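Here's the structure, in structure tokens; my notes come after.
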Amino acid sequence: MPDDSRLAARLDPVLARIDADLDDALDRLAALLRIPSISTDPAYDRDVETAADWLVANLASMGFDAGKRATPGHPMVVGHGGTGGRHLLFYGHYDVQPVDPLNLWRRDPFDPEIQETGAGRVIRGRGASDDKGQLMTFVEACRAWTSVHGELPSKLTIFLEGEEESGSPSLVPFLRENAGELRAELALICDTGLFDEDTPGICTTLRGLLGEEVIVTGPDMDLHSGSYGGPAINPIRVLSGIIASLHDESGRVTVPGFYEGVPEVPEDVRAQWEGLGFDAGRFLGEVGLSRPAGERDRSVLEMLWSRPTCEVNGIIGGYTGEGFKTVLPSQARTKISFRLVGTQDPHAIRESFRAMVRAALPEDCNVEFVGHGASPASVMATSDPAFETARLALSDEWPQPAAFVGGGGSIPVAGYFKTELGMDSMLIGFAKDDDAIHSPNEKYDVRSFHKGIRSWARILAALS
């Protein structure tokens with residue numbers, strides 16, 4: 001029997017089981033969504049534990065050797081199943097964001113409901129898309145495989161975190177302490193989204209992130225602008241000048257050495273991006289903008305997926321209350337983030353940026369820096385044939401072929417899997433831009449959930 005026929009003979013009944021079991025799968029997702037596993041608020045610590053226990057029991061019901069692992073913070077859930085074939089590790093997180101502002105929710109955030117919308121059915125509730133609905137697409141694919149064949153298609157480790165929404169303080173120590181148990185040939189992560197309604201994507205690059213807070217101090221107290229305006233240095237003016245100098249007229253970042261390690265996009269990848277039909281005007285128009293503001297010689301997709309950035313996230317200084325106060329402030333501060341790509345070194349950029357700021361200070365000012373994280377970019381080894389195998393399998397499920405895409409944001413766990421466990425990550429997700437993750441009235445399309453389960457079933461079959 002040809003390989004494709006043999007594969008179909010194993011896969012087709014699994015897909016049929018997924019279709020027949022969809023309502024039960026949605027019920028299981030709803031049960032998990034009812035648990036308010038908010039990791040940032042100690043008032044919900046017991047609920048986070050409950051969510052971990054629920055997942056352990058769910059995995060055990062499918063034959064996984066599953067357990068809850070203690071950390072200094074919230075527990076990890078680890079499950080092992082299957083034998084033979086390529087050893088795969090799946091990662092997701094079961095903790096969720098707080099629900100504030102509660103008054104903007106149209107129903108209880110932890111009382112999920114299937115709702116009919118003009119675009120189809122959705123399941124609405126906190127965590128529906130980020131990340132409980134996503135992780136359950138993989139779990140339900142495993143359930144269908146074991147239900148039909150009595151076994152998983154390959155050796156699998158499932159690793160679910162309970163602190164992703166609170167900065168993952170226990171993640172790296174846990175990876176180091178349990179590296180032998182968790183290390184696999186490839187990691188699968190379901191915490192990303194579709195490119196568009198009908199086009200799935202495999203995210204092959206994630207930008208790194210460097211955060212810097214800059215505090216400029218001039219006089220030792222706030223001064224009356226009538227008495228001191230003119231001769232006294234104004235920290236807001238100093239800081240504004242520094243901020244204005246961070247980009248040149250073409251939109252390039254001026255921090256010395258900033259572009260070291262920034263690669264050009266390979267031509268085959270660039271051609272794939274161009275074939276996606278991305279509408280830059282519509283993308284900007286949806287948020288009330290019309291003209292790209294980054295590097296002039298780069299497309300919008302390049303800016304989002306393959307170029308580094310320097311952005312001012314906030315400025316504080318002087319009097320900002322109601323009315324008016326004629327004051328020269330003693331201090332001004334700003335928060336600046338850098339999105340990084342390729343092999344840019346966040347620590348080297350931090351030192352270069354700080355040296356640039358110090359060199360721009362006038363004599364009567366001093367500066368203090370507060371670092372807010374520094375993680376490098378993640379670049380996946382798409383030369384591994386598994387990536388193209390997964391792309392073709394994913395394409396079989398969706399109306400449009402899957403594409404290798406970039407990620408504008410940062411998912412640090414992918415980088416940690418590389419640095420701590422020495423394995424690449426394949427990021428495949430089924431979220432949509434309108435899912436309102438982290439916001440009131442979060443939802444996940446039932447179509448995304450259903451086709452996500454079917455997608456993982458196909459990928460597992462192809463990879464094994």
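Naming works like this for the structure tokens: A, B, ... for the chains as they're shown, residue 1 at the start of each chain, ligands 1 onward in shown order.
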Worksheet entry | Contact residues around Gly257 in chain A with only C-alpha atoms at 12 Å, ignoring same-chain residues under 4 positions, as a PyMOL selection string | chain A and resi 252-253+261-262+344-353+355-356
Could you write those residues out with C-alpha atoms, as a JSON list (two decimals), in the first residue's frame?
[["chain", "number", "residue", "atom", "x", "y", "z"],
["A", 252, "ARG", "CA", 16.17, 53.92, 10.90],
["A", 253, "VAL", "CA", 17.19, 53.56, 14.53],
["A", 261, "GLY", "CA", 22.88, 40.76, 13.42],
["A", 262, "VAL", "CA", 19.84, 41.90, 11.42],
["A", 344, "GLN", "CA", 20.77, 41.08, 17.68],
["A", 345, "ASP", "CA", 22.25, 41.03, 21.17],
["A", 346, "PRO", "CA", 19.82, 42.70, 23.62],
["A", 347, "HIS", "CA", 22.52, 43.23, 26.24],
["A", 348, "ALA", "CA", 24.90, 44.90, 23.79],
["A", 349, "ILE", "CA", 22.08, 47.13, 22.53],
["A", 350, "ARG", "CA", 21.17, 48.06, 26.11],
["A", 351, "GLU", "CA", 24.73, 49.22, 26.81],
["A", 352, "SER", "CA", 24.97, 51.09, 23.51],
["A", 353, "PHE", "CA", 21.63, 52.83, 24.11],
["A", 355, "ALA", "CA", 25.97, 55.20, 26.40],
["A", 356, "MET", "CA", 24.14, 57.22, 23.72]]
With only C-alpha atoms counted and 12 Å as the cut-off, give the residues of range 397-464 of chain A in contact with range 302-322 of chain A, each with its shortest interatomic distance in Å and the pair that gives it, as a Markdown table.
| residue | atom | partner | partner_atom | distance |
| --- | --- | --- | --- | --- |
| A:Phe404 | CA | A:Trp305 | CA | 10.9 |
| A:Val405 | CA | A:Trp305 | CA | 7.6 |
| A:Gly406 | CA | A:Trp305 | CA | 4.4 |
| A:Gly407 | CA | A:Trp305 | CA | 5.3 |
| A:Gly408 | CA | A:Leu304 | CA | 5.0 |
| A:Gly409 | CA | A:Leu304 | CA | 8.6 |
| A:Ser410 | CA | A:Trp305 | CA | 10.9 |
Can those selected residues be exported to a file as a compact mmCIF listing (two decimals), in the first residue's frame so that it contains N, CA and C atoms?
# COMPACT_ATOMS: atom_id res chain seq x y z
N PHE A 404 4.69 30.02 5.80
CA PHE A 404 5.65 30.37 6.84
C PHE A 404 5.56 31.88 7.05
N VAL A 405 5.24 32.30 8.25
CA VAL A 405 5.05 33.72 8.53
C VAL A 405 5.98 34.14 9.66
N GLY A 406 6.10 35.44 9.84
CA GLY A 406 6.87 35.99 10.94
C GLY A 406 5.94 36.40 12.06
N GLY A 407 6.50 36.61 13.22
CA GLY A 407 5.74 37.08 14.37
C GLY A 407 6.28 38.40 14.85
N GLY A 408 5.40 39.40 14.93
CA GLY A 408 5.84 40.71 15.39
C GLY A 408 6.07 40.78 16.87
N GLY A 409 5.40 39.91 17.62
CA GLY A 409 5.52 39.92 19.07
C GLY A 409 6.63 39.01 19.56
N SER A 410 6.56 38.71 20.84
CA SER A 410 7.59 37.88 21.48
C SER A 410 6.91 36.78 22.28
Discussion item. Just want the 8 Å neighbourhood of Gly371 in chain A, counted on only C-alpha atoms, with same-chain residues fewer than 4 positions away dropped. Output as a list in words.
Written reply: Gly211, Glu212 and Glu213 of chain A
Residues of range 75-186 of chain A within 12 Å of range 11-27 of chain A: nearest atom pair and distance (Å, one decimal) for each, counting only C-alpha atoms, sorted by chain and number, as a Markdown table?
| residue | atom | partner | partner_atom | distance |
| --- | --- | --- | --- | --- |
| A:Pro112 | CA | A:Asp27 | CA | 9.9 |
| A:Glu113 | CA | A:Leu26 | CA | 9.9 |
| A:Ile114 | CA | A:Leu26 | CA | 8.8 |
| A:Arg121 | CA | A:Leu26 | CA | 11.6 |
| A:Val122 | CA | A:Leu26 | CA | 10.5 |
| A:Ile123 | CA | A:Leu26 | CA | 8.4 |
| A:Arg124 | CA | A:Leu26 | CA | 11.4 |
| A:Ala128 | CA | A:Leu26 | CA | 10.6 |
| A:Lys132 | CA | A:Leu26 | CA | 11.4 |
| A:Gly133 | CA | A:Leu26 | CA | 9.1 |
| A:Met136 | CA | A:Ala25 | CA | 8.5 |
| A:Thr137 | CA | A:Ala25 | CA | 9.0 |
| A:Phe138 | CA | A:Ala25 | CA | 11.3 |
| A:Val139 | CA | A:Ala25 | CA | 9.7 |
| A:Glu140 | CA | A:Ala25 | CA | 6.9 |
| A:Ala141 | CA | A:Ile18 | CA | 7.4 |
| A:Cys142 | CA | A:Val14 | CA | 9.6 |
| A:Arg143 | CA | A:Ile18 | CA | 8.8 |
| A:Ala144 | CA | A:Val14 | CA | 5.6 |
| A:Trp145 | CA | A:Val14 | CA | 5.8 |
| A:Thr146 | CA | A:Val14 | CA | 8.9 |
| A:Ser147 | CA | A:Arg17 | CA | 8.1 |
| A:Val148 | CA | A:Val14 | CA | 6.1 |
| A:His149 | CA | A:Val14 | CA | 8.3 |
| A:Gly150 | CA | A:Val14 | CA | 11.2 |
| A:Glu151 | CA | A:Val14 | CA | 11.6 |
| A:Leu152 | CA | A:Val14 | CA | 11.1 |
| A:Pro153 | CA | A:Leu11 | CA | 9.9 |
Dump as a PDB file, in the first residue's frame, selection limited to N, CA and C atoms:
ATOM      1  N   PRO A 112     -18.660  30.481  30.443  1.00  0.00           N
ATOM      2  CA  PRO A 112     -18.558  30.480  28.980  1.00  0.00           C
ATOM      3  C   PRO A 112     -19.852  30.048  28.314  1.00  0.00           C
ATOM      4  N   GLU A 113     -20.030  30.546  27.097  1.00  0.00           N
ATOM      5  CA  GLU A 113     -21.256  30.260  26.354  1.00  0.00           C
ATOM      6  C   GLU A 113     -20.949  30.223  24.860  1.00  0.00           C
ATOM      7  N   ILE A 114     -21.571  29.276  24.170  1.00  0.00           N
ATOM      8  CA  ILE A 114     -21.517  29.278  22.708  1.00  0.00           C
ATOM      9  C   ILE A 114     -22.521  30.308  22.204  1.00  0.00           C
ATOM     10  N   ARG A 121     -20.391  30.642  14.849  1.00  0.00           N
ATOM     11  CA  ARG A 121     -20.436  30.374  16.284  1.00  0.00           C
ATOM     12  C   ARG A 121     -19.098  30.680  16.938  1.00  0.00           C
ATOM     13  N   VAL A 122     -19.164  31.216  18.164  1.00  0.00           N
ATOM     14  CA  VAL A 122     -17.963  31.463  18.963  1.00  0.00           C
ATOM     15  C   VAL A 122     -18.222  30.941  20.372  1.00  0.00           C
ATOM     16  N   ILE A 123     -17.135  30.598  21.063  1.00  0.00           N
ATOM     17  CA  ILE A 123     -17.229  30.317  22.491  1.00  0.00           C
ATOM     18  C   ILE A 123     -16.592  31.507  23.203  1.00  0.00           C
ATOM     19  N   ARG A 124     -17.379  32.130  24.090  1.00  0.00           N
ATOM     20  CA  ARG A 124     -16.948  33.380  24.700  1.00  0.00           C
ATOM     21  C   ARG A 124     -16.645  33.164  26.178  1.00  0.00           C
ATOM     22  N   ALA A 128     -10.652  31.748  26.404  1.00  0.00           N
ATOM     23  CA  ALA A 128     -11.166  30.968  25.281  1.00  0.00           C
ATOM     24  C   ALA A 128     -10.154  30.881  24.148  1.00  0.00           C
ATOM     25  N   LYS A 132      -6.447  28.605  26.597  1.00  0.00           N
ATOM     26  CA  LYS A 132      -7.096  27.330  26.884  1.00  0.00           C
ATOM     27  C   LYS A 132      -7.699  26.707  25.639  1.00  0.00           C
ATOM     28  N   GLY A 133      -8.381  27.516  24.829  1.00  0.00           N
ATOM     29  CA  GLY A 133      -8.943  26.970  23.606  1.00  0.00           C
ATOM     30  C   GLY A 133      -7.870  26.443  22.682  1.00  0.00           C
ATOM     31  N   MET A 136      -6.290  23.164  24.068  1.00  0.00           N
ATOM     32  CA  MET A 136      -7.221  22.045  23.993  1.00  0.00           C
ATOM     33  C   MET A 136      -7.396  21.531  22.565  1.00  0.00           C
ATOM     34  N   THR A 137      -7.038  22.325  21.547  1.00  0.00           N
ATOM     35  CA  THR A 137      -7.058  21.768  20.188  1.00  0.00           C
ATOM     36  C   THR A 137      -6.088  20.599  20.098  1.00  0.00           C
ATOM     37  N   PHE A 138      -4.929  20.740  20.711  1.00  0.00           N
ATOM     38  CA  PHE A 138      -3.940  19.653  20.666  1.00  0.00           C
ATOM     39  C   PHE A 138      -4.370  18.481  21.533  1.00  0.00           C
ATOM     40  N   VAL A 139      -4.852  18.780  22.732  1.00  0.00           N
ATOM     41  CA  VAL A 139      -5.289  17.714  23.633  1.00  0.00           C
ATOM     42  C   VAL A 139      -6.411  16.906  22.999  1.00  0.00           C
ATOM     43  N   GLU A 140      -7.359  17.587  22.350  1.00  0.00           N
ATOM     44  CA  GLU A 140      -8.472  16.870  21.733  1.00  0.00           C
ATOM     45  C   GLU A 140      -8.019  16.063  20.517  1.00  0.00           C
ATOM     46  N   ALA A 141      -6.996  16.523  19.811  1.00  0.00           N
ATOM     47  CA  ALA A 141      -6.442  15.718  18.714  1.00  0.00           C
ATOM     48  C   ALA A 141      -5.841  14.430  19.262  1.00  0.00           C
ATOM     49  N   CYS A 142      -5.161  14.537  20.397  1.00  0.00           N
ATOM     50  CA  CYS A 142      -4.604  13.331  21.035  1.00  0.00           C
ATOM     51  C   CYS A 142      -5.730  12.399  21.487  1.00  0.00           C
ATOM     52  N   ARG A 143      -6.803  12.973  22.025  1.00  0.00           N
ATOM     53  CA  ARG A 143      -7.936  12.159  22.469  1.00  0.00           C
ATOM     54  C   ARG A 143      -8.518  11.363  21.291  1.00  0.00           C
ATOM     55  N   ALA A 144      -8.664  12.012  20.145  1.00  0.00           N
ATOM     56  CA  ALA A 144      -9.228  11.326  18.985  1.00  0.00           C
ATOM     57  C   ALA A 144      -8.320  10.181  18.527  1.00  0.00           C
ATOM     58  N   TRP A 145      -7.009  10.409  18.523  1.00  0.00           N
ATOM     59  CA  TRP A 145      -6.078   9.352  18.129  1.00  0.00           C
ATOM     60  C   TRP A 145      -6.185   8.141  19.053  1.00  0.00           C
ATOM     61  N   THR A 146      -6.181   8.393  20.358  1.00  0.00           N
ATOM     62  CA  THR A 146      -6.227   7.262  21.292  1.00  0.00           C
ATOM     63  C   THR A 146      -7.589   6.574  21.267  1.00  0.00           C
ATOM     64  N   SER A 147      -8.649   7.344  21.011  1.00  0.00           N
ATOM     65  CA  SER A 147      -9.983   6.742  20.946  1.00  0.00           C
ATOM     66  C   SER A 147     -10.099   5.781  19.773  1.00  0.00           C
ATOM     67  N   VAL A 148      -9.510   6.172  18.639  1.00  0.00           N
ATOM     68  CA  VAL A 148      -9.641   5.359  17.427  1.00  0.00           C
ATOM     69  C   VAL A 148      -8.630   4.215  17.395  1.00  0.00           C
ATOM     70  N   HIS A 149      -7.385   4.520  17.735  1.00  0.00           N
ATOM     71  CA  HIS A 149      -6.315   3.537  17.545  1.00  0.00           C
ATOM     72  C   HIS A 149      -5.789   2.935  18.849  1.00  0.00           C
ATOM     73  N   GLY A 150      -6.256   3.455  19.983  1.00  0.00           N
ATOM     74  CA  GLY A 150      -5.775   2.920  21.248  1.00  0.00           C
ATOM     75  C   GLY A 150      -4.378   3.363  21.611  1.00  0.00           C
ATOM     76  N   GLU A 151      -3.800   4.246  20.819  1.00  0.00           N
ATOM     77  CA  GLU A 151      -2.445   4.735  21.079  1.00  0.00           C
ATOM     78  C   GLU A 151      -2.231   6.047  20.339  1.00  0.00           C
ATOM     79  N   LEU A 152      -1.201   6.769  20.750  1.00  0.00           N
ATOM     80  CA  LEU A 152      -0.818   8.005  20.077  1.00  0.00           C
ATOM     81  C   LEU A 152       0.043   7.678  18.866  1.00  0.00           C
ATOM     82  N   PRO A 153       0.114   8.586  17.876  1.00  0.00           N
ATOM     83  CA  PRO A 153       0.881   8.280  16.669  1.00  0.00           C
ATOM     84  C   PRO A 153       2.394   8.317  16.864  1.00  0.00           C
TER      85      PRO A 153
END
Worksheet item: Quick one: residues within 12 Å of Gly226 in chain A, only C-alpha atoms counted, chain neighbours fewer than 2 positions away excluded, as a PyMOL selection string?
Response: chain A and resi 223-224+228-232+325-328
Practice prompt. Enumerate the residues of range 43-286 of chain A with a DSSP assignment of strand (DSSP E or B), computed from the backbone, and present them as number ranges by chain.
Written response: A: 65-69, 76-81, 88-93, 96, 113-117, 120-124, 156-161, 186-189, 193, 196, 199, 201-206, 208-217, 223-224, 229, 232, 247, 253
Discussion item. Taking only C-alpha atoms into account, name the residue in A:Gly67, A:Pro72, A:Gly120, A:Gly162 that is nearest to Glu197 in chain A.
Written reply: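 The answer is A:Gly120, which sits nearest to Glu197 in chain A.
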From a DSSP pass on the backbone, collect the residues of range 266-307 of chain A flagged as alpha helix (DSSP H) and hand them back as a PDB file with N, CA and C atoms, in the first residue's frame.
ATOM      1  N   GLU A 267      14.876  35.210  -0.284  1.00  0.00           N
ATOM      2  CA  GLU A 267      13.997  35.522  -1.402  1.00  0.00           C
ATOM      3  C   GLU A 267      12.794  34.593  -1.478  1.00  0.00           C
ATOM      4  N   ASP A 268      12.973  33.306  -1.140  1.00  0.00           N
ATOM      5  CA  ASP A 268      11.832  32.396  -1.223  1.00  0.00           C
ATOM      6  C   ASP A 268      10.782  32.738  -0.178  1.00  0.00           C
ATOM      7  N   VAL A 269      11.248  33.170   1.005  1.00  0.00           N
ATOM      8  CA  VAL A 269      10.311  33.574   2.051  1.00  0.00           C
ATOM      9  C   VAL A 269       9.637  34.885   1.670  1.00  0.00           C
ATOM     10  N   ARG A 270      10.410  35.818   1.126  1.00  0.00           N
ATOM     11  CA  ARG A 270       9.828  37.096   0.697  1.00  0.00           C
ATOM     12  C   ARG A 270       8.746  36.865  -0.359  1.00  0.00           C
ATOM     13  N   ALA A 271       8.998  35.952  -1.288  1.00  0.00           N
ATOM     14  CA  ALA A 271       8.019  35.654  -2.330  1.00  0.00           C
ATOM     15  C   ALA A 271       6.752  35.062  -1.720  1.00  0.00           C
ATOM     16  N   GLN A 272       6.914  34.207  -0.706  1.00  0.00           N
ATOM     17  CA  GLN A 272       5.741  33.630  -0.047  1.00  0.00           C
ATOM     18  C   GLN A 272       4.930  34.713   0.648  1.00  0.00           C
ATOM     19  N   TRP A 273       5.608  35.652   1.301  1.00  0.00           N
ATOM     20  CA  TRP A 273       4.907  36.755   1.960  1.00  0.00           C
ATOM     21  C   TRP A 273       4.146  37.601   0.945  1.00  0.00           C
ATOM     22  N   GLU A 274       4.788  37.888  -0.185  1.00  0.00           N
ATOM     23  CA  GLU A 274       4.132  38.710  -1.202  1.00  0.00           C
ATOM     24  C   GLU A 274       2.904  38.007  -1.760  1.00  0.00           C
ATOM     25  N   ALA A 280      -1.813  46.390   3.143  1.00  0.00           N
ATOM     26  CA  ALA A 280      -1.249  47.306   4.128  1.00  0.00           C
ATOM     27  C   ALA A 280      -2.169  48.477   4.413  1.00  0.00           C
ATOM     28  N   GLY A 281      -2.849  48.981   3.373  1.00  0.00           N
ATOM     29  CA  GLY A 281      -3.768  50.088   3.574  1.00  0.00           C
ATOM     30  C   GLY A 281      -4.912  49.718   4.493  1.00  0.00           C
ATOM     31  N   ARG A 282      -5.458  48.525   4.304  1.00  0.00           N
ATOM     32  CA  ARG A 282      -6.552  48.074   5.169  1.00  0.00           C
ATOM     33  C   ARG A 282      -6.052  47.855   6.589  1.00  0.00           C
ATOM     34  N   PHE A 283      -4.849  47.255   6.716  1.00  0.00           N
ATOM     35  CA  PHE A 283      -4.270  46.995   8.034  1.00  0.00           C
ATOM     36  C   PHE A 283      -4.156  48.286   8.839  1.00  0.00           C
ATOM     37  N   LEU A 284      -3.632  49.348   8.221  1.00  0.00           N
ATOM     38  CA  LEU A 284      -3.493  50.621   8.917  1.00  0.00           C
ATOM     39  C   LEU A 284      -4.841  51.325   9.049  1.00  0.00           C
ATOM     40  N   GLY A 285      -5.678  51.199   8.024  1.00  0.00           N
ATOM     41  CA  GLY A 285      -6.968  51.868   8.057  1.00  0.00           C
ATOM     42  C   GLY A 285      -7.860  51.394   9.182  1.00  0.00           C
ATOM     43  N   VAL A 300       5.291  46.913   4.872  1.00  0.00           N
ATOM     44  CA  VAL A 300       4.688  46.804   6.202  1.00  0.00           C
ATOM     45  C   VAL A 300       4.909  45.406   6.782  1.00  0.00           C
ATOM     46  N   LEU A 301       4.764  44.360   5.960  1.00  0.00           N
ATOM     47  CA  LEU A 301       5.002  43.008   6.474  1.00  0.00           C
ATOM     48  C   LEU A 301       6.447  42.834   6.918  1.00  0.00           C
ATOM     49  N   GLU A 302       7.401  43.381   6.158  1.00  0.00           N
ATOM     50  CA  GLU A 302       8.797  43.323   6.581  1.00  0.00           C
ATOM     51  C   GLU A 302       8.985  44.017   7.932  1.00  0.00           C
ATOM     52  N   MET A 303       8.378  45.182   8.082  1.00  0.00           N
ATOM     53  CA  MET A 303       8.499  45.906   9.359  1.00  0.00           C
ATOM     54  C   MET A 303       7.971  45.068  10.517  1.00  0.00           C
ATOM     55  N   LEU A 304       6.862  44.363  10.290  1.00  0.00           N
ATOM     56  CA  LEU A 304       6.232  43.601  11.360  1.00  0.00           C
ATOM     57  C   LEU A 304       6.969  42.315  11.682  1.00  0.00           C
ATOM     58  N   TRP A 305       7.492  41.646  10.661  1.00  0.00           N
ATOM     59  CA  TRP A 305       7.981  40.285  10.835  1.00  0.00           C
ATOM     60  C   TRP A 305       9.500  40.148  10.803  1.00  0.00           C
TER      61      TRP A 305
END
Practice prompt. Could you check which of A:Ala431, A:Leu175, A:Ala414, A:Ile243 is closest to Lys443 in chain A, using only C-alpha atoms?
Written response: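 Of all the options, A:Ala431 lies closest to Lys443 in chain A.
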Discussion item. List the spatial neighbours of range 376-380 of chain A as a list in words - criterion: any atom at most 6 Å away, only C-alpha atoms, same-chain residues fewer than 2 positions off excluded.
Written reply: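 Near neighbours after the sequence-gap exclusion: Thr204, Thr205, Leu206, Arg207, Gly208, Leu340, Val341, Gly342, Thr382, Gly415 and Asp424 of chain A.
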Using only C-alpha atoms, please write the residues we just selected to a file, as a short mmCIF file (atom, residue, chain, number, x, y, z; two decimals), in the first residue's frame.
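Output (selection_17.cif):
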data_model
loop_
_atom_site.label_atom_id
_atom_site.label_comp_id
_atom_site.auth_asym_id
_atom_site.auth_seq_id
_atom_site.Cartn_x
_atom_site.Cartn_y
_atom_site.Cartn_z
CA THR A 204 9.12 30.82 12.02
CA THR A 205 10.47 34.02 13.57
CA LEU A 206 9.63 35.86 16.77
CA ARG A 207 11.07 39.21 17.67
CA GLY A 208 12.99 39.57 20.88
CA LEU A 340 14.76 42.63 18.05
CA VAL A 341 15.34 40.22 15.15
CA GLY A 342 17.98 37.80 13.90
CA THR A 382 12.99 25.75 8.69
CA GLY A 415 13.72 31.01 22.82
CA ASP A 424 13.52 24.35 17.78
#
Worksheet item: Got a sec: who's within 9 Å of Ile35 in chain A, counting only C-alpha atoms, leaving out chain neighbours fewer than 2 positions off, as an MDAnalysis selection string?
Response: chainID A and resid 31:33 37:38 47:48 50:51 110
Restricted to N, CA and C atoms, what would the selected residues look like written as a tab-separated table (two decimals), in the first residue's frame?
chain	number	residue	atom	x	y	z
A	31	ALA	N	-15.65	23.45	30.51
A	31	ALA	CA	-15.35	23.08	31.89
A	31	ALA	C	-14.02	23.70	32.34
A	32	LEU	N	-13.04	23.70	31.46
A	32	LEU	CA	-11.74	24.31	31.80
A	32	LEU	C	-11.87	25.83	31.89
A	33	LEU	N	-12.68	26.42	31.01
A	33	LEU	CA	-12.85	27.88	31.01
A	33	LEU	C	-13.56	28.36	32.28
A	37	SER	N	-8.41	30.68	36.50
A	37	SER	CA	-6.98	30.46	36.78
A	37	SER	C	-6.16	31.71	36.46
A	38	ILE	N	-6.41	32.78	37.19
A	38	ILE	CA	-5.70	34.05	37.01
A	38	ILE	C	-4.39	33.99	37.79
A	47	ASP	N	-7.50	28.45	42.51
A	47	ASP	CA	-8.11	28.16	41.21
A	47	ASP	C	-7.08	27.73	40.18
A	48	VAL	N	-5.89	28.31	40.25
A	48	VAL	CA	-4.82	27.88	39.34
A	48	VAL	C	-4.48	26.42	39.62
A	50	THR	N	-6.50	24.22	40.85
A	50	THR	CA	-7.64	23.43	40.37
A	50	THR	C	-7.54	23.19	38.87
A	51	ALA	N	-7.14	24.22	38.12
A	51	ALA	CA	-6.99	24.07	36.67
A	51	ALA	C	-5.91	23.05	36.34
A	110	PHE	N	-16.23	33.93	33.45
A	110	PHE	CA	-15.97	32.52	33.73
A	110	PHE	C	-17.26	31.68	33.68
Worksheet item: Within 12 Å of Asp41 in chain A, counting only C-alpha atoms, which residues qualify if same-chain residues fewer than 5 places away don't, as a ChimeraX atom specification?
Response: /A:36,46-48,73-74,95-100,163,165-166
